[in-house]
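Engineer: Next comes structure_25.cif, mmCIF, C-alpha atoms:
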data_final
#
loop_
_atom_site.label_atom_id
_atom_site.label_comp_id
_atom_site.auth_asym_id
_atom_site.auth_seq_id
_atom_site.Cartn_x
_atom_site.Cartn_y
_atom_site.Cartn_z
CA MET A 177 124.58 98.56 96.85
CA LEU A 178 121.85 97.82 99.37
CA THR A 179 119.55 96.85 96.49
CA SER A 180 122.17 94.73 94.78
CA ASN A 181 122.42 92.64 97.93
CA ILE A 182 118.92 91.25 97.45
CA LEU A 183 118.61 91.11 93.69
CA LYS A 184 119.30 87.86 91.96
CA GLY A 185 119.49 86.38 88.51
CA VAL A 186 118.28 82.84 88.04
CA LYS A 187 117.15 80.29 90.60
CA LYS A 188 120.47 79.76 92.28
CA GLY A 189 122.30 82.71 90.85
CA PHE A 190 123.08 84.60 93.99
CA PRO A 191 124.98 86.71 94.54
CA LEU A 192 125.10 88.54 91.25
CA LYS A 193 128.53 89.80 90.35
CA ILE A 194 128.79 93.53 89.87
CA ASN A 195 130.79 95.09 87.09
CA ALA A 196 130.83 98.85 87.52
CA VAL A 197 131.72 101.28 84.79
CA LYS A 198 130.69 104.38 86.69
CA ILE A 199 130.32 104.74 90.43
CA GLU A 200 129.16 107.89 92.10
CA ASN A 201 129.51 108.90 95.70
CA VAL A 202 126.48 110.44 97.32
CA SER A 203 126.08 111.86 100.77
CA VAL A 204 123.46 110.30 103.04
CA ASP A 205 122.80 111.21 106.66
CA TYR A 206 124.27 108.64 108.99
CA ASN A 207 121.78 106.71 111.09
CA PRO A 208 123.54 104.11 113.28
CA ASP A 209 120.25 102.53 114.37
CA PHE A 210 119.28 101.86 110.78
CA ILE A 211 122.67 100.39 109.94
CA THR A 212 122.58 98.16 113.02
CA ARG A 213 119.14 96.86 112.07
CA ILE A 214 119.84 96.41 108.38
CA LEU A 215 123.03 94.48 109.17
CA GLN A 216 120.82 91.65 110.39
CA ARG A 217 119.08 91.46 107.03
CA ILE A 218 121.96 91.52 104.58
CA GLU A 219 124.15 88.78 103.17
CA TYR A 220 127.45 90.02 104.57
CA ASP A 221 129.67 87.64 102.58
CA ALA A 222 128.02 88.70 99.34
CA LEU A 223 128.43 92.35 100.20
CA ARG A 224 132.07 91.91 101.14
CA GLY A 225 132.68 90.03 97.91
CA ALA A 226 131.12 92.85 95.93
CA VAL A 227 133.27 95.44 97.68
CA ILE A 228 136.37 93.46 96.76
CA ASP A 229 135.22 92.90 93.16
CA LEU A 230 134.56 96.59 92.71
CA GLY A 231 137.93 97.52 94.16
CA LEU A 232 136.36 99.93 96.63
CA ASN A 233 138.83 101.34 99.07
CA GLU A 234 136.98 100.01 102.09
CA SER A 235 138.27 97.55 104.62
CA LEU A 236 135.79 94.96 105.85
CA PRO A 237 136.55 92.10 108.26
CA GLU A 238 136.11 88.58 106.96
CA THR A 239 133.45 87.85 109.52
CA ILE A 240 131.39 90.05 111.77
CA SER A 241 130.99 89.40 115.45
CA GLU A 242 128.47 90.76 117.93
CA THR A 243 131.19 93.10 119.20
CA ILE A 244 132.11 94.65 115.88
CA GLN A 245 128.46 95.33 115.12
CA GLN A 246 128.58 97.88 117.93
CA ASP A 247 131.79 99.44 116.65
CA GLU A 248 131.18 102.97 115.38
CA THR A 249 133.95 102.83 112.77
CA PHE A 250 132.56 99.61 111.33
CA LEU A 251 129.03 100.98 111.29
CA LYS A 252 130.14 104.11 109.46
CA THR A 253 131.96 102.00 106.90
CA MET A 254 128.84 99.90 106.38
CA HIS A 255 126.77 103.08 106.02
CA LYS A 256 129.13 104.34 103.34
CA ILE A 257 129.17 101.07 101.44
CA LEU A 258 125.43 100.40 101.59
CA LEU A 259 124.09 103.88 101.02
CA GLU A 260 126.76 106.18 99.61
CA TYR A 261 128.08 104.20 96.66
CA GLU A 262 125.75 104.44 93.68
CA ILE A 263 126.59 102.27 90.72
CA GLU A 264 125.42 104.46 87.86
CA GLU A 265 126.57 102.40 84.91
CA GLY A 266 127.63 98.80 84.75
CA GLU A 267 126.12 95.37 84.85
CA LEU A 268 125.03 92.58 87.15
CA ILE A 269 126.24 89.15 86.11
CA CYS A 270 124.72 85.80 86.97
CA PRO A 271 127.48 83.67 88.52
CA GLU A 272 126.03 80.49 86.97
CA THR A 273 125.17 81.48 83.42
CA GLY A 274 127.15 84.66 82.88
CA ARG A 275 123.95 86.39 81.83
CA LYS A 276 124.41 90.16 82.12
CA PHE A 277 121.79 92.58 83.37
CA PRO A 278 122.62 96.16 82.46
CA ILE A 279 122.66 98.95 85.02
CA SER A 280 121.86 102.28 83.44
CA LYS A 281 121.49 105.56 85.35
CA GLY A 282 121.65 103.58 88.54
CA ILE A 283 118.81 101.24 87.66
CA PRO A 284 119.25 97.54 86.99
CA ASN A 285 117.17 96.18 84.14
CA MET A 286 116.15 92.68 85.12
CA LEU A 287 113.79 92.00 82.25
CA LEU A 288 114.15 88.50 80.87
CA GLN A 289 113.57 87.28 77.35
CA GLU A 290 110.65 84.90 76.83
CA THR A 291 113.09 82.08 76.10
CA GLU A 292 114.79 82.56 79.46
CA ILE A 293 111.70 81.94 81.52
CA SER A 294 111.11 78.34 82.53
CA MET B 282 98.08 107.89 90.37
CA ASN B 283 95.46 105.43 91.53
CA TYR B 284 91.71 105.75 91.86
CA GLY B 285 92.06 106.71 95.50
CA TYR B 286 90.12 106.09 98.68
CA ALA B 287 87.91 108.41 100.68
CA ASP B 288 85.83 108.03 103.80
CA LEU B 289 82.19 108.52 102.90
CA ASP B 290 82.01 111.76 104.87
CA GLU B 291 85.15 113.13 103.22
CA ASP B 292 84.78 116.28 101.16
CA ILE B 293 86.68 117.81 98.28
CA ASN B 294 90.38 118.29 99.01
CA ASP B 295 92.74 120.64 97.18
CA ASP B 296 95.55 118.11 97.37
CA ILE B 297 95.32 116.20 94.10
CA ASP B 298 97.17 113.28 95.70
CA TYR B 299 95.20 113.13 98.94
CA CYS B 300 92.91 110.23 98.02
CA SER B 301 95.74 108.30 96.38
CA LYS B 302 97.71 108.51 99.62
CA GLU B 303 94.63 107.43 101.55
CA LEU B 304 94.44 104.32 99.38
CA TYR B 305 98.01 103.42 100.33
CA LYS B 306 97.10 103.99 103.99
CA GLN B 307 94.23 101.56 103.64
CA VAL B 308 96.37 98.91 101.98
CA LEU B 309 99.06 99.26 104.65
CA ALA B 310 96.69 99.35 107.60
CA HIS B 311 97.48 96.88 110.41
CA VAL B 312 100.80 95.83 108.88
CA LEU B 313 104.09 97.20 110.17
CA LEU B 314 106.67 98.30 107.61
CA THR B 315 109.23 99.25 110.24
CA ASN B 316 112.60 97.68 109.39
CA GLN B 317 110.99 95.45 106.79
CA ASN B 318 112.35 94.74 103.30
CA VAL B 319 109.58 95.93 101.01
CA LEU B 320 108.99 95.47 97.30
CA GLU B 321 106.34 97.47 95.50
CA VAL B 322 105.49 95.94 92.14
CA SER B 323 104.13 98.02 89.27
CA CYS B 324 105.23 101.08 91.19
CA GLY B 325 104.68 103.47 88.28
CA ARG B 326 106.27 106.87 88.76
CA GLY B 327 107.09 106.09 92.35
CA ALA B 328 104.94 108.60 94.20
CA GLY B 329 103.48 105.85 96.38
CA ALA B 330 106.95 104.48 97.10
CA VAL B 331 108.20 107.89 98.17
CA TRP B 332 105.18 108.43 100.40
CA CYS B 333 105.68 105.01 102.04
CA VAL B 334 109.38 105.58 102.66
CA HIS B 335 108.69 108.98 104.21
CA ASN B 336 105.84 107.77 106.40
CA TYR B 337 106.93 104.28 107.37
CA ALA B 338 110.42 103.42 108.55
CA SER B 339 110.97 100.50 106.21
CA GLY B 340 114.37 98.84 106.10
CA SER B 341 114.68 98.85 102.34
CA TYR B 342 112.11 99.72 99.70
CA VAL B 343 112.42 98.67 96.09
CA GLY B 344 110.02 99.78 93.39
CA ALA B 345 109.73 97.59 90.31
CA ASP B 346 107.99 98.30 87.04
CA LEU B 347 107.94 96.86 83.55
CA SER B 348 108.45 100.24 81.94
CA SER B 349 112.03 101.48 81.79
CA THR B 350 110.68 104.90 80.83
CA VAL B 351 108.65 105.19 83.97
CA ILE B 352 111.47 103.85 86.15
CA ASP B 353 113.70 106.49 84.59
CA VAL B 354 111.23 109.08 85.86
CA CYS B 355 111.48 107.50 89.32
CA ARG B 356 115.19 107.74 89.21
CA GLN B 357 115.21 111.36 88.10
CA ARG B 358 112.76 112.41 90.77
CA HIS B 359 113.64 110.21 93.69
CA SER B 360 117.33 109.32 93.45
CA MET B 361 118.25 111.28 96.57
CA ILE B 362 116.01 109.29 98.86
CA SER B 363 118.09 106.72 100.67
CA ARG B 364 116.71 103.21 101.23
CA LEU B 365 114.56 103.66 98.11
CA SER B 366 115.66 102.15 94.84
CA PHE B 367 114.12 101.00 91.60
CA VAL B 368 114.50 98.15 89.18
CA VAL B 369 113.05 97.39 85.77
CA ALA B 370 111.37 94.00 85.88
CA ASP B 371 108.36 92.22 84.39
CA THR B 372 106.57 91.17 87.55
CA THR B 373 104.15 88.95 85.65
CA LYS B 374 107.04 86.75 84.62
CA TYR B 375 109.79 86.91 87.17
CA LEU B 376 110.65 88.83 90.33
CA PRO B 377 114.43 89.27 90.42
CA PHE B 378 114.79 88.56 94.11
CA GLU B 379 116.26 85.78 96.19
CA ASN B 380 113.89 83.18 97.63
CA GLU B 381 112.36 84.32 100.92
CA SER B 382 114.26 87.61 100.85
CA LEU B 383 111.39 90.04 101.30
CA ASP B 384 109.04 90.77 104.18
CA ILE B 385 106.34 92.61 102.29
CA VAL B 386 105.25 92.81 98.67
CA LEU B 387 102.90 95.65 97.82
CA CYS B 388 100.73 95.88 94.71
CA VAL B 389 98.36 98.80 94.26
CA GLU B 390 95.78 98.78 91.47
CA ALA B 391 97.82 96.79 88.98
CA THR B 392 96.85 93.13 88.62
CA HIS B 393 93.80 93.96 86.50
CA ALA B 394 96.29 94.92 83.77
CA TYR B 395 98.50 91.84 84.07
CA GLY B 396 96.88 90.04 81.16
CA GLY B 397 94.47 87.54 82.64
CA PRO B 398 94.26 84.69 85.14
CA ALA B 399 97.38 82.78 84.04
CA ALA B 400 99.58 85.87 84.37
CA VAL B 401 98.11 86.74 87.77
CA GLN B 402 98.66 83.19 89.00
CA ARG B 403 102.25 83.25 87.84
CA PHE B 404 102.71 86.58 89.58
CA ALA B 405 101.23 85.11 92.77
CA SER B 406 103.68 82.21 92.63
CA GLU B 407 106.57 84.61 92.31
CA VAL B 408 105.28 86.67 95.22
CA ALA B 409 105.08 83.55 97.34
CA ARG B 410 108.60 82.56 96.33
CA VAL B 411 110.27 85.85 97.29
CA LEU B 412 108.34 86.37 100.53
CA ARG B 413 109.77 85.02 103.74
CA PRO B 414 107.50 82.56 105.56
CA ASN B 415 104.56 84.49 107.02
CA GLY B 416 105.50 87.51 104.93
CA TYR B 417 102.67 89.70 103.68
CA PHE B 418 101.35 90.50 100.23
CA LEU B 419 99.30 93.69 100.39
CA TRP B 420 97.00 94.25 97.44
CA CYS B 421 94.13 96.33 96.14
CA ASP B 422 92.55 96.48 92.72
CA LEU B 423 89.54 96.61 90.48
CA CYS B 424 87.65 93.36 90.10
CA HIS B 425 85.33 92.74 87.18
CA ILE B 426 82.28 90.93 88.40
CA ASP B 427 81.21 88.86 85.46
CA GLY B 428 80.36 85.58 87.12
CA SER B 429 83.87 84.17 86.79
CA ASP B 430 86.58 84.16 89.42
CA THR B 431 87.94 87.49 90.56
CA SER B 432 91.55 88.50 91.03
CA ILE B 433 91.52 87.37 94.66
CA ASP B 434 90.71 83.84 93.49
CA TYR B 435 93.52 83.90 90.92
CA LEU B 436 95.99 85.11 93.55
CA THR B 437 95.14 82.24 95.90
CA ALA B 438 94.63 79.55 93.24
CA ASN B 439 98.02 77.91 93.79
CA GLY B 440 97.52 77.65 97.55
CA GLU B 441 100.68 79.54 98.49
CA LEU B 442 99.01 82.74 99.66
CA ILE B 443 96.31 82.76 102.32
CA VAL B 444 93.73 85.52 102.58
CA GLU B 445 93.97 87.07 106.03
CA GLU B 446 91.61 89.91 105.29
CA LYS B 447 89.59 91.07 102.31
CA ILE B 448 87.41 94.13 102.24
CA ASN B 449 85.13 95.55 99.58
CA ILE B 450 86.04 99.24 99.37
CA THR B 451 84.05 100.00 96.23
CA ARG B 452 81.92 102.69 97.86
CA ASN B 453 84.98 104.47 99.23
CA VAL B 454 86.76 104.37 95.87
CA LEU B 455 83.65 105.63 94.10
CA HIS B 456 83.38 108.47 96.59
CA ALA B 457 87.05 109.28 96.03
CA LEU B 458 86.40 109.43 92.29
CA ASP B 459 83.49 111.77 92.93
CA ILE B 460 85.32 114.24 95.15
CA GLN B 461 88.41 114.24 92.93
CA SER B 462 86.57 114.53 89.64
CA ASN B 463 86.83 118.30 89.21
CA ILE B 464 90.48 118.60 90.09
CA ARG B 465 91.41 115.65 87.89
CA ALA B 466 89.26 116.88 85.00
CA GLU B 467 90.96 120.29 85.19
CA PHE B 468 94.38 118.64 85.26
CA ILE B 469 93.60 116.56 82.19
CA GLU B 470 92.17 119.53 80.35
CA ARG B 471 95.27 121.58 81.10
CA TYR B 472 98.00 119.04 80.44
CA ALA B 473 96.72 116.29 78.14
CA ARG B 474 96.79 116.70 74.37
CA PRO B 475 93.27 117.17 72.92
CA LYS B 476 93.17 113.86 71.07
CA GLU B 477 94.27 112.00 74.21
CA GLN B 478 91.90 113.66 76.65
CA GLU B 479 89.15 111.06 76.32
CA TYR B 480 91.62 108.29 77.05
CA PHE B 481 92.92 110.06 80.14
CA ARG B 482 89.39 110.70 81.33
CA LEU B 483 88.63 107.00 81.02
CA PHE B 484 91.93 106.11 82.71
CA ALA B 485 91.15 108.48 85.57
CA GLY B 486 87.67 107.00 86.01
CA LEU B 487 85.94 110.34 85.71
CA PRO B 488 82.14 110.38 86.07
CA GLY B 489 80.45 109.61 82.78
CA THR B 490 83.18 107.30 81.58
CA ARG B 491 82.75 103.57 81.05
CA MET B 492 85.01 102.83 84.02
CA TYR B 493 83.10 105.06 86.40
CA ASN B 494 79.74 103.75 85.22
CA GLY B 495 80.91 100.17 85.62
CA ILE B 496 81.83 100.82 89.24
CA TYR B 497 78.69 102.82 89.91
CA GLU B 498 76.46 100.12 88.46
CA GLY B 499 78.21 97.30 90.27
CA HIS B 500 79.80 95.53 87.29
CA ILE B 501 83.20 96.48 88.66
CA GLN B 502 84.11 96.32 92.31
CA TYR B 503 87.21 97.45 94.18
CA TRP B 504 88.71 95.26 96.85
CA ARG B 505 91.71 95.37 99.11
CA ALA B 506 93.20 92.28 100.72
CA VAL B 507 96.01 91.12 102.99
CA PHE B 508 97.56 87.83 101.97
CA ARG B 509 100.04 85.89 104.06
CA LYS B 510 102.55 83.44 102.69
CA LYS B 511 101.57 80.00 103.78
CA THR B 512 104.07 78.14 105.91
CA THR B 513 104.28 74.44 106.55
CA THR B 514 102.90 74.95 110.04
CA ASN B 515 100.51 77.64 108.81
CA MET B 516 100.68 79.62 112.04
CA SER B 517 100.12 83.36 111.98
CA THR B 518 102.69 85.71 113.37
CA ILE B 519 101.65 88.45 115.72
#
In structure tokens, what does this structure look like?
Structural biologist:
Amino acid sequence: MLTSNILKGVKKGFPLKINAVKIENVSVDYNPDFITRILQRIEYDALRGAVIDLGLNESLPETISETIQQDETFLKTMHKILLEYEIEEGELICPETGRKFPISKGIPNMLLQETEIS
Amino acid sequence: MNYGYADLDEDINDDIDYCSKELYKQVLAHVLLTNQNVLEVSCGRGAGAVWCVHNYASGSYVGADLSSTVIDVCRQRHSMISRLSFVVADTTKYLPFENESLDIVLCVEATHAYGGPAAVQRFASEVARVLRPNGYFLWCDLCHIDGSDTSIDYLTANGELIVEEKINITRNVLHALDIQSNIRAEFIERYARPKEQEYFRLFAGLPGTRMYNGIYEGHIQYWRAVFRKKTTTNMSTI
């Protein structure tokens, strides 16, 4: 889900909606320093929206404050969401055009047709 | 696999990937990847991506390639490496990333195969779009010296990327080809089908091939460069 946070569809089509058919849980060593640093680089609202859309059983606050970014429970939740959920099969959907980009074996295929390129 | 880089006093090394890793080191020299969002375009089978993730503490690292087959290989081999992911994308047409979302774009030995000046210029525009202001585009590749513009000129033609550094590393690449020639020739002989061996030899730039001779005779050079995304104030970051 870390990758999905920076992918996009068309010029203004961010964030891409995620439709997951198959999600796998993987285990990744927890590194609080990494999570703290990467928090500064992600679009939190987009990530939270994706978590809700996917129906993941994770509770995220609506906004994040300086205080909560130091909270160990929050950091572990972010670690799990960003690094331990792998969307194996599904699709990314442009919120403007509805164009679907398939995800197969965990890899989004973002190839465009010739007619889609301006 | 890339052509590789070797210091001129370097000798034969048993590690078949040694010179290829050295080329990545050269391209990444003087630029910090720590905590940066990195995109490697035309990442191939991902060996360079894996090496970068293991040796530089990047924030996120995405490898993109046109070939879904090759990205499938990446996924099979490298799926357990966190912070590293892959996407299928045609980088000569469109980079599927938000404007100004990336700190570094990396491109190793690929633009010569992008299909000519127009494709390279389009690629450069996309690189400039996805890079944050003052972000870096790190590049190396073969350049055919035929009197016309070289790849570096195509990459800067639209004025969005500024050359911070460009270095002719032809001699080092040629030396790498020399010291790797036996180990690569043996590999090809062992694993490539007979009718494909000549193609692989040419692809690997083995001595005696048209590619090797072109580099040796000076018709083909090899350059590396650091480009910075131009900002409105055009001030370098430290």
Engineer: Take atom CA of B:Leu376 and atom CA of B:Ile426 and report the distance between them in Å, one decimal.
Structural biologist: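 Answer for the atom CA of B:Leu376 to atom CA of B:Ile426 separation: 28.5 Å.
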Engineer: Find the distance between atom CA of A:Leu288 and atom CA of A:Glu265 and write it in Å to one decimal.
Structural biologist: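 Going from atom CA of A:Leu288 over to atom CA of A:Glu265, I get 19.1 Å.
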Engineer: Starting from the PyMOL selection byres ((chain A and resi 207-218) around 7), expand the selection into actual residues of this file and give them as number ranges by chain.
Structural biologist: A: 181, 205-206, 219-220, 245, 251, 255; B: 340
Engineer: What are the residues of chain B lining chain A at 7 Å or less? Count only C-alpha atoms, and put the answer as a count of residues only.
Structural biologist: 12
Engineer: For the file shown, report as a list in words the outcome of the PyMOL selection byres ((chain A and resi 199) around 9) at residue level.
Structural biologist: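 That expression, the PyMOL selection byres ((chain A and resi 199) around 9), corresponds here to Ala196, Val197, Lys198, Glu200, Asn201, Tyr261, Glu262, Ile263, Glu264, Glu265, Gly266 and Gly282 of chain A.
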Engineer: To one decimal in Å, tell me the separation between atom CA of B:Tyr480 and atom CA of B:Ile293.
Structural biologist: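 Distance reported for this atom pair: 23.8 Å.
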Engineer: Could you spell out the hits of the PyMOL selection byres ((chain A and resi 274) around 12) on the shown file, as an MDAnalysis selection string?
Structural biologist: chainID A and resid 185:186 189:190 192:195 267:273 275:277
Engineer: What's the 9 Å shell around B:Lys302, counting only C-alpha atoms, without same-chain residues fewer than 3 positions away, as a PyMOL selection string?
Structural biologist: chain B and resi 283+285-286+298-299+305-307+329+332
Engineer: Could you work out an axis-aligned bounding box for all listed atoms of stretch 369-372 of chain B, with 6 Å added on each of the six sides, and give its centre and edge lengths in Å to one decimal, as JSON?
Structural biologist:
{"center_x": 109.8, "center_y": 94.3, "center_z": 86.0, "size_x": 18.5, "size_y": 18.2, "size_z": 15.2}
Engineer: Using all atoms listed in the file, which residues sit within 10 Å of stretch 485-493 of chain B once same-chain residues fewer than 5 positions away are excluded, as an MDAnalysis selection string?
Structural biologist: chainID B and resid 282:284 455 458:459 461:463 465:466 469 479:480 498:501
Engineer: Fewer than 6 positions away in the same chain doesn't count, so skip those; otherwise give me all residues within 12 Å of B:His311, counting only C-alpha atoms, as a list in words.
Structural biologist: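 Within the cut-off, the hits are Tyr417, Leu419, Glu445, Glu446, Ala506, Val507 and Ile519 of chain B.
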Engineer: Counting all atoms listed in the file, select every polymer residue within 10 Å of (86.7, 89.2, 88.6) as defined in the file's coordinates, and provide the selection as a list in words.
Structural biologist: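 Those within range, by chain then number, are His393, Gly397, Pro398, Leu423, Cys424, His425, Ile426, Asp427, Gly428, Ser429, Asp430, Thr431, Ser432, Ile433, Asp434, Tyr435, His500, Ile501, Gln502 and Tyr503 of chain B.
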